[in-house]
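Novice: Pasting a structure here, questions to come.
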Amino acid sequence: MIKVDCDNDVVVHKILEYLTMSFPTIFGESSLYVKIELTENIISFKSDIINRKFSFKRSEDTLVNSIKKAIHNNLIDYIENDDWGILTGIRPTKLFRKLLRKNEAEISKEILKTKFLVSEKKAELLNSIVEKELCILDKINLEDSYSLYINVPFCKSICNYCSFNSMLYSEEKSEIYIKKLMDEILREADYLKKAPTSIYIGGGTPTSLSTNQIYKLLKVVKDNFKESLEFTVECGRIDTLNEEKLNLLKDFGVSRISLNPQSSNESISKIINRPINLRDFENKYAMARKLGFDLINMDLILGLPTETADNMIRSIEYASKLKPENITIHNLSLKKGSKLFERNYHFENSIDTVIDFSKNYLRNKLYMPYYLYRQKKIIGNGENIGYSQLGKECIYNILIIEEVQDIIAFGMGSSSKFVSKDGKINQVLNFKNLKDYLNRNDEIFNKKLKYYANRG
Ligand code: SF4
């Protein structure tokens with residue numbers, strides 16, 4: 001528990017965010033109290049682990065950055081991986097892309113290093129990812145189109161690291177939900193006549209729906225939207241998949257699926273309440289290949305309970321041996337709402353060597369990083385990276401992180417984003433609980449209408 005005490009609310013908010021990202025686990029269950037005295041330019045840290053008082057200099061930089069730099073420089077020994085310096089945003093590639101608009105790559109990297117104390121290694125990583133993103137984005141008509149996100153919040157079991165708004169699948173609830181979801185899509189499709197750039201059905205686990213429910217949902221999409229460049233359905237849990245469902249996805253033009261082992265260790269998969277049998281996983285993967293899916297993603301999470309460096313390395317090797325086109329490596333993020341957060345879970349082992357291993361190993365296997373985002377309370381103060389074989393990058397993943405195109409979202413807890421001409425993001429959040437989603441969706445529709453009118 002971290003408490004920041006200061007007269008300025010913006011400083012409290014920003015410093016709390018910075019401390020949560022830079023010191024995600026060091027304080028364990030003990031609490032940290034930080035007092036910032038703006039008249040004296042003094043910062044005091046009080047906890048069982050750190051008891052320090054130091055001053056900060058107000059430089060040409062913002063007040064918040066001056067305070068962050070003082071904390072960073074004075075407490076560097078306690079920071080879990082200082083590669084990201086004082087940068088806290090979850091979209092560092094978006095920041096780098098903006099810098100590149102005004103500066104050469106070398107100068108942009110230098111700004112990251114001097115202004116935000118980002119390491120050379122991370123600055124170079126951002127540069128390489130943004131170069132790739134720009135190649136992909138340049139080929140897309142961003143302004144004249146949009147992408148779709150459809151949320152299916154049902155799962156076969158709730159993984160204990162999960163903080164999403166997901167529910168256990170029940171036939172009764174899912175029937176009511178799907179009906180509402182289809183009504184929502186149908187009503188708004190009238191305002192979205194152009195072809196979407198990408199469609200993404202996520203959740204939850206969309207394939208936890210019955211075959212008939214998947215059919216109804218895909219039919220509504222197909223009948224009401226023109227063909228997109230890319231169509232992803234998350235099939236995350238292979239225990240929700242069968243040949244019939246995979247055939248259905250194929251018939252409706254789904255071009256990319258995600259089969260997520262998270263770990264190749266069967267015991268760990270049981271601990272996280274997401275049991276996996278590797279032979280079943282390989283069989284379902286082979287089935288998807290046989291049915292013609294030539295763009296498959298696999299998600300892995302590093303830092304799961306009881307996981308050792310060796311386990312994590314084996315998971316990365318396991319995924320790459322199967323040769324999916326995309327591999328996404330997440331560092332576990334301990335978010336409110338997850339069972340692990342409630343249990344005050346702390347990952348004891350170091351993750352740095354595994355992260356370095358994953359980057360080198362995957363590059364050698366010709367997987368290149370193509371999108372990146374950070375999260376609060378992420379283990380090792382790291383980042384999540386999507387790797388891809390050349391030309392197989394997921395457009396939707398880039399769009400959602402870079403926020404360069406309208407994303408129209410349907411379903412409970414979904415978030416639509418409308419990008420104005422000056423780059424400002426206007427967000428419309430759908431209700432996060434089923435009751436409100438079912439009964440109050442008109443309120444969300446009316447908010448979206450305003451932006452549909454602007455789209456012309
Ligand atoms: S499958 Fe995904 S959405 Fe469902 S409980 Fe697990 S992590 Fe959460």
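By convention here, the chains of the structure tokens are called A, B, ... in the order presented, each chain's residues are numbered starting at 1, and ligands are numbered starting at 1 in the order presented.
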Do you know which residues are within 6 Å of ligand 1 using only C-alpha atoms and all ligand atoms? Can you write them as an MDAnalysis selection string?

Specialist: chainID A and resid 155 157:159 162 164 166 203:205

Novice: Kindly save the residues from that selection, with all heavy atoms included, as a PDB file, in the first residue's frame.

Specialist:
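The new file out-v3.pdb reads:
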ATOM      1  N   CYS A 155     -16.162 -17.152 -19.759  1.00  0.00           N
ATOM      2  CA  CYS A 155     -14.996 -18.039 -19.726  1.00  0.00           C
ATOM      3  C   CYS A 155     -15.374 -19.359 -19.084  1.00  0.00           C
ATOM      4  O   CYS A 155     -16.353 -19.448 -18.349  1.00  0.00           O
ATOM      5  CB  CYS A 155     -13.869 -17.411 -18.911  1.00  0.00           C
ATOM      6  SG  CYS A 155     -13.150 -16.019 -19.761  1.00  0.00           S
ATOM      7  N   SER A 157     -13.430 -21.083 -16.943  1.00  0.00           N
ATOM      8  CA  SER A 157     -13.126 -20.921 -15.515  1.00  0.00           C
ATOM      9  C   SER A 157     -12.432 -19.575 -15.399  1.00  0.00           C
ATOM     10  O   SER A 157     -11.994 -19.018 -16.404  1.00  0.00           O
ATOM     11  CB  SER A 157     -12.213 -22.040 -15.003  1.00  0.00           C
ATOM     12  OG  SER A 157     -10.950 -21.940 -15.625  1.00  0.00           O
ATOM     13  N   ILE A 158     -12.348 -19.050 -14.198  1.00  0.00           N
ATOM     14  CA  ILE A 158     -11.725 -17.730 -14.065  1.00  0.00           C
ATOM     15  C   ILE A 158     -10.268 -17.917 -13.619  1.00  0.00           C
ATOM     16  O   ILE A 158      -9.995 -18.422 -12.526  1.00  0.00           O
ATOM     17  CB  ILE A 158     -12.497 -16.851 -13.048  1.00  0.00           C
ATOM     18  CG1 ILE A 158     -13.984 -16.736 -13.456  1.00  0.00           C
ATOM     19  CG2 ILE A 158     -11.857 -15.471 -12.916  1.00  0.00           C
ATOM     20  CD1 ILE A 158     -14.254 -16.081 -14.802  1.00  0.00           C
ATOM     21  N   CYS A 159      -9.350 -17.516 -14.480  1.00  0.00           N
ATOM     22  CA  CYS A 159      -7.918 -17.641 -14.177  1.00  0.00           C
ATOM     23  C   CYS A 159      -7.603 -16.734 -12.984  1.00  0.00           C
ATOM     24  O   CYS A 159      -8.141 -15.627 -12.896  1.00  0.00           O
ATOM     25  CB  CYS A 159      -7.078 -17.209 -15.372  1.00  0.00           C
ATOM     26  SG  CYS A 159      -7.597 -17.954 -16.924  1.00  0.00           S
ATOM     27  N   CYS A 162      -6.630 -13.051 -13.492  1.00  0.00           N
ATOM     28  CA  CYS A 162      -7.489 -12.266 -14.388  1.00  0.00           C
ATOM     29  C   CYS A 162      -8.200 -11.127 -13.659  1.00  0.00           C
ATOM     30  O   CYS A 162      -8.810 -11.330 -12.616  1.00  0.00           O
ATOM     31  CB  CYS A 162      -8.534 -13.173 -15.025  1.00  0.00           C
ATOM     32  SG  CYS A 162      -9.601 -12.266 -16.157  1.00  0.00           S
ATOM     33  N   PHE A 164     -10.081  -9.041 -15.765  1.00  0.00           N
ATOM     34  CA  PHE A 164     -11.091  -8.615 -16.733  1.00  0.00           C
ATOM     35  C   PHE A 164     -12.470  -8.821 -16.130  1.00  0.00           C
ATOM     36  O   PHE A 164     -12.644  -9.550 -15.165  1.00  0.00           O
ATOM     37  CB  PHE A 164     -11.005  -9.424 -18.036  1.00  0.00           C
ATOM     38  CG  PHE A 164      -9.727  -9.225 -18.782  1.00  0.00           C
ATOM     39  CD1 PHE A 164      -8.982 -10.313 -19.199  1.00  0.00           C
ATOM     40  CD2 PHE A 164      -9.270  -7.959 -19.065  1.00  0.00           C
ATOM     41  CE1 PHE A 164      -7.791 -10.133 -19.890  1.00  0.00           C
ATOM     42  CE2 PHE A 164      -8.086  -7.772 -19.757  1.00  0.00           C
ATOM     43  CZ  PHE A 164      -7.350  -8.868 -20.167  1.00  0.00           C
ATOM     44  N   SER A 166     -14.808 -10.753 -16.626  1.00  0.00           N
ATOM     45  CA  SER A 166     -15.340 -11.968 -17.245  1.00  0.00           C
ATOM     46  C   SER A 166     -16.166 -12.781 -16.254  1.00  0.00           C
ATOM     47  O   SER A 166     -15.988 -12.680 -15.039  1.00  0.00           O
ATOM     48  CB  SER A 166     -14.206 -12.806 -17.827  1.00  0.00           C
ATOM     49  OG  SER A 166     -13.083 -12.723 -17.026  1.00  0.00           O
ATOM     50  N   GLY A 203     -12.426 -11.026 -25.268  1.00  0.00           N
ATOM     51  CA  GLY A 203     -13.229 -11.215 -24.056  1.00  0.00           C
ATOM     52  C   GLY A 203     -12.375 -11.214 -22.814  1.00  0.00           C
ATOM     53  O   GLY A 203     -11.391 -10.494 -22.748  1.00  0.00           O
ATOM     54  N   GLY A 204     -12.716 -12.130 -21.948  1.00  0.00           N
ATOM     55  CA  GLY A 204     -13.420 -13.385 -22.043  1.00  0.00           C
ATOM     56  C   GLY A 204     -12.799 -14.358 -23.062  1.00  0.00           C
ATOM     57  O   GLY A 204     -11.730 -14.143 -23.589  1.00  0.00           O
ATOM     58  N   THR A 205     -13.537 -15.386 -23.282  1.00  0.00           N
ATOM     59  CA  THR A 205     -13.156 -16.373 -24.291  1.00  0.00           C
ATOM     60  C   THR A 205     -14.349 -16.549 -25.226  1.00  0.00           C
ATOM     61  O   THR A 205     -15.297 -17.281 -24.894  1.00  0.00           O
ATOM     62  CB  THR A 205     -12.809 -17.734 -23.637  1.00  0.00           C
ATOM     63  OG1 THR A 205     -11.888 -17.519 -22.575  1.00  0.00           O
ATOM     64  CG2 THR A 205     -12.199 -18.692 -24.644  1.00  0.00           C
TER      65      THR A 205
END

Novice: Kindly provide the residues of segment 96-210 of chain A that approach segment 423-438 of chain A to within 9 Å, each paired with its closest atom pair and their distance in Å to one decimal, based on only C-alpha atoms, listed by chain and increasing number, as a tab-separated table.

Specialist:
residue	atom	partner	partner_atom	distance
A:Asn165	CA	A:Lys432	CA	6.9
A:Ile176	CA	A:Leu438	CA	8.4
A:Tyr177	CA	A:Leu438	CA	7.5
A:Lys180	CA	A:Leu438	CA	6.6
A:Leu181	CA	A:Leu438	CA	8.9

Novice: Please provide as a list in words all residues within 10 Å of Val233 of chain A, with the sequence filter that same-chain residues fewer than 4 positions apart are discarded (counting only C-alpha atoms).

Specialist: Ile150, Ile199, Tyr200, Ile201, Gly202, Gly203, Thr205, Pro206, Thr207, Leu249, Val254, Ser255, Arg256, Ile257, Ser258 and Leu259 of chain A

Novice: Give me, as a PyMOL selection string, the residues of segment 249-342 of chain A that a backbone DSSP run labels alpha helix (DSSP H).

Specialist: chain A and resi 249-251+266-271+278-290+309-322+339-342

Novice: Using C-alpha atoms, can you write the selected residues to a file as a PDB file, in the first residue's frame?

Specialist:
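Result written to again_23.pdb:
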ATOM      1  CA  LEU A 249     -14.769 -19.342 -37.782  1.00  0.00           C
ATOM      2  CA  LYS A 250     -13.113 -20.283 -41.050  1.00  0.00           C
ATOM      3  CA  ASP A 251     -16.407 -20.180 -42.967  1.00  0.00           C
ATOM      4  CA  GLU A 266       0.900 -28.266 -16.774  1.00  0.00           C
ATOM      5  CA  SER A 267       1.264 -27.940 -12.975  1.00  0.00           C
ATOM      6  CA  ILE A 268       1.490 -24.148 -13.196  1.00  0.00           C
ATOM      7  CA  SER A 269      -1.565 -24.093 -15.452  1.00  0.00           C
ATOM      8  CA  LYS A 270      -3.523 -25.856 -12.695  1.00  0.00           C
ATOM      9  CA  ILE A 271      -2.286 -23.403 -10.066  1.00  0.00           C
ATOM     10  CA  LEU A 278      -0.081 -30.063 -23.708  1.00  0.00           C
ATOM     11  CA  ARG A 279      -1.065 -32.967 -25.923  1.00  0.00           C
ATOM     12  CA  ASP A 280      -4.591 -31.535 -26.263  1.00  0.00           C
ATOM     13  CA  PHE A 281      -3.106 -28.130 -26.974  1.00  0.00           C
ATOM     14  CA  GLU A 282      -0.919 -29.497 -29.752  1.00  0.00           C
ATOM     15  CA  ASN A 283      -3.854 -31.456 -31.202  1.00  0.00           C
ATOM     16  CA  LYS A 284      -6.086 -28.369 -31.316  1.00  0.00           C
ATOM     17  CA  TYR A 285      -3.257 -26.361 -32.834  1.00  0.00           C
ATOM     18  CA  ALA A 286      -2.749 -29.036 -35.511  1.00  0.00           C
ATOM     19  CA  MET A 287      -6.508 -29.080 -36.132  1.00  0.00           C
ATOM     20  CA  ALA A 288      -6.546 -25.308 -36.676  1.00  0.00           C
ATOM     21  CA  ARG A 289      -3.638 -25.602 -39.110  1.00  0.00           C
ATOM     22  CA  LYS A 290      -5.374 -28.422 -40.979  1.00  0.00           C
ATOM     23  CA  ALA A 309      13.337 -18.844 -14.928  1.00  0.00           C
ATOM     24  CA  ASP A 310      13.743 -22.326 -16.348  1.00  0.00           C
ATOM     25  CA  ASN A 311       9.937 -22.808 -16.608  1.00  0.00           C
ATOM     26  CA  MET A 312       9.543 -19.495 -18.405  1.00  0.00           C
ATOM     27  CA  ILE A 313      12.354 -20.222 -20.845  1.00  0.00           C
ATOM     28  CA  ARG A 314      10.811 -23.608 -21.612  1.00  0.00           C
ATOM     29  CA  SER A 315       7.431 -21.975 -22.294  1.00  0.00           C
ATOM     30  CA  ILE A 316       9.031 -19.600 -24.800  1.00  0.00           C
ATOM     31  CA  GLU A 317      10.881 -22.453 -26.487  1.00  0.00           C
ATOM     32  CA  TYR A 318       7.687 -24.540 -26.516  1.00  0.00           C
ATOM     33  CA  ALA A 319       5.626 -21.838 -28.206  1.00  0.00           C
ATOM     34  CA  SER A 320       8.275 -21.034 -30.803  1.00  0.00           C
ATOM     35  CA  LYS A 321       8.745 -24.708 -31.689  1.00  0.00           C
ATOM     36  CA  LEU A 322       5.087 -24.858 -32.707  1.00  0.00           C
ATOM     37  CA  LYS A 339      -7.429 -13.527  -7.168  1.00  0.00           C
ATOM     38  CA  LEU A 340      -3.638 -13.128  -7.096  1.00  0.00           C
ATOM     39  CA  PHE A 341      -3.991  -9.451  -6.177  1.00  0.00           C
ATOM     40  CA  GLU A 342      -6.421 -10.305  -3.381  1.00  0.00           C
TER      41      GLU A 342
END

Novice: Identify, on the basis of only C-alpha atoms, every residue whose closest approach to Cys135 of chain A does not exceed 12 Å; exclude the query and any residue fewer than 3 positions from it along the same chain; express the result as a PDB file with C-alpha atoms, in the first residue's frame.

Specialist:
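result.pdb, freshly written:
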ATOM      1  CA  SER A 128      12.649  -0.571 -33.920  1.00  0.00           C
ATOM      2  CA  ILE A 129       8.997  -1.202 -33.015  1.00  0.00           C
ATOM      3  CA  VAL A 130       7.810   2.198 -34.183  1.00  0.00           C
ATOM      4  CA  GLU A 131       9.680   1.803 -37.495  1.00  0.00           C
ATOM      5  CA  LYS A 132       7.784  -1.431 -38.048  1.00  0.00           C
ATOM      6  CA  ASP A 138       1.340   3.777 -43.819  1.00  0.00           C
ATOM      7  CA  LYS A 139      -0.404   1.195 -45.980  1.00  0.00           C
ATOM      8  CA  ILE A 140      -3.777   1.621 -44.245  1.00  0.00           C
ATOM      9  CA  TYR A 370       5.954  -5.148 -33.483  1.00  0.00           C
ATOM     10  CA  LEU A 390       7.547 -10.796 -41.069  1.00  0.00           C
ATOM     11  CA  GLY A 391       4.306  -9.603 -42.672  1.00  0.00           C
ATOM     12  CA  GLU A 393       1.711  -8.527 -37.624  1.00  0.00           C
ATOM     13  CA  ILE A 395      -3.089  -4.603 -37.308  1.00  0.00           C
ATOM     14  CA  ILE A 398      -1.083  -1.747 -33.299  1.00  0.00           C
TER      15      ILE A 398
END

Novice: Could you write out, as a PyMOL selection string, all the residues of segment 203-426 of chain A that DSSP marks as strand (DSSP E)?

Specialist: chain A and resi 203+230-234+256-258+296-302+326-331+368-373+384-388+407-410+415-419+425-426
